[in-house]
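Asker: Can you keep this structure in mind? I'll have questions shortly.
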Amino acid sequence: KGGSPDVRNDPQNRRTVEIDARGNFMLNGKRMLPDQIEQELKRFFQTNPNLVVNIRADKDGRIEPFAEIINRCIRNGITKISFRTEADR
């Protein structure tokens, strides 16, 4: 039931955006503003069209910061997006 399982991809193609319960953002462990994250993802996507963005949000956080990152990805043509509430194992 539900969607298909995640496809295992090359870790070099992956970027992880984390959103804590207070709505603070990090890209690959570095705290950033949404505009900075968008620019970094856009720049990486231009050189690597295999980019997959993992969005990991705190389960107690609000939906708006989560949706903001999704919208920023989509407007830059980044459509390979994976959603997480826990770290990868």
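Labeling convention for the structure tokens: chains A, B, ... as they appear, residues from 1 per chain, ligands from 1 in order of appearance.
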Sorted by chain and rising residue number, list the residues of segment 15-57 of chain A at most 7 Å from segment 61-81 of chain A (counting only C-alpha atoms), each with its closest atom pair and distance in Å to one decimal, as CSV.

Answerer:
```
residue,atom,partner,partner_atom,distance
A:Asp20,CA,A:Gly61,CA,6.6
A:Ala21,CA,A:Gly61,CA,4.0
A:Arg22,CA,A:Gly61,CA,6.5
A:Gly23,CA,A:Pro65,CA,6.0
A:Glu38,CA,A:Arg72,CA,6.2
A:Lys42,CA,A:Asn76,CA,6.4
A:Leu51,CA,A:Lys80,CA,6.9
A:Val52,CA,A:Lys80,CA,4.9
A:Val53,CA,A:Ile81,CA,4.8
A:Asn54,CA,A:Ile81,CA,5.9
A:Ala57,CA,A:Phe66,CA,6.9
```

Asker: How many Å separate atom CA of Met32 of chain A from atom CA of Pro49 of chain A?

Answerer: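 According to the coordinates, atom CA of Met32 of chain A and atom CA of Pro49 of chain A are separated by 22.5 Å.
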
Asker: As a PyMOL selection string, please: every residue in chain A that a backbone DSSP assignment puts in alpha helix (DSSP H).

Answerer: chain A and resi 34-47+63-75

Asker: Can you tell me, as an mmCIF file with C-alpha atoms, in the first residue's frame, which residues in segment 3-67 of chain A count as strand (DSSP E) by DSSP?

Answerer:
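Generated file (states12.cif):
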```
data_model
loop_
_atom_site.group_PDB
_atom_site.id
_atom_site.type_symbol
_atom_site.label_atom_id
_atom_site.label_comp_id
_atom_site.auth_asym_id
_atom_site.auth_seq_id
_atom_site.Cartn_x
_atom_site.Cartn_y
_atom_site.Cartn_z
ATOM 1 C CA ARG A 14 21.733 13.335 -2.078
ATOM 2 C CA ARG A 15 21.288 16.535 -0.092
ATOM 3 C CA THR A 16 19.424 16.596 3.212
ATOM 4 C CA VAL A 17 17.359 19.511 4.458
ATOM 5 C CA GLU A 18 16.450 19.268 8.137
ATOM 6 C CA ILE A 19 13.749 21.303 9.833
ATOM 7 C CA PHE A 25 16.617 24.917 8.681
ATOM 8 C CA MET A 26 19.861 23.039 8.025
ATOM 9 C CA LEU A 27 21.356 21.769 4.785
ATOM 10 C CA LYS A 30 24.823 23.450 8.353
ATOM 11 C CA ARG A 31 22.263 25.946 9.595
ATOM 12 C CA MET A 32 20.990 28.150 6.761
ATOM 13 C CA VAL A 52 17.619 13.841 -4.621
ATOM 14 C CA VAL A 53 16.562 16.127 -1.772
ATOM 15 C CA ASN A 54 15.774 14.393 1.509
ATOM 16 C CA ILE A 55 13.589 16.591 3.675
ATOM 17 C CA ARG A 56 13.660 15.533 7.286
ATOM 18 C CA ALA A 57 11.271 17.428 9.507
#
```

Asker: Which of these, A:Gln12, A:Asp58, A:Gly29, A:Phe83, has the shortest distance to Phe44 of chain A once you count only C-alpha atoms?

Answerer: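 When distances to Phe44 of chain A are compared using only C-alpha atoms, the smallest one comes from A:Gln12.
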
Asker: Figure out the distance between atom CA of Thr47 of chain A and atom CA of Pro11 of chain A, please, to one decimal in Å.

Answerer: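 Taking atom CA of Pro11 of chain A as the start and atom CA of Thr47 of chain A as the end point, the length is 15.4 Å.
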
Asker: Between atom CA of Phe45 of chain A and atom CA of Lys59 of chain A, what is the distance, to one decimal in Å?

Answerer: 27.5 Å
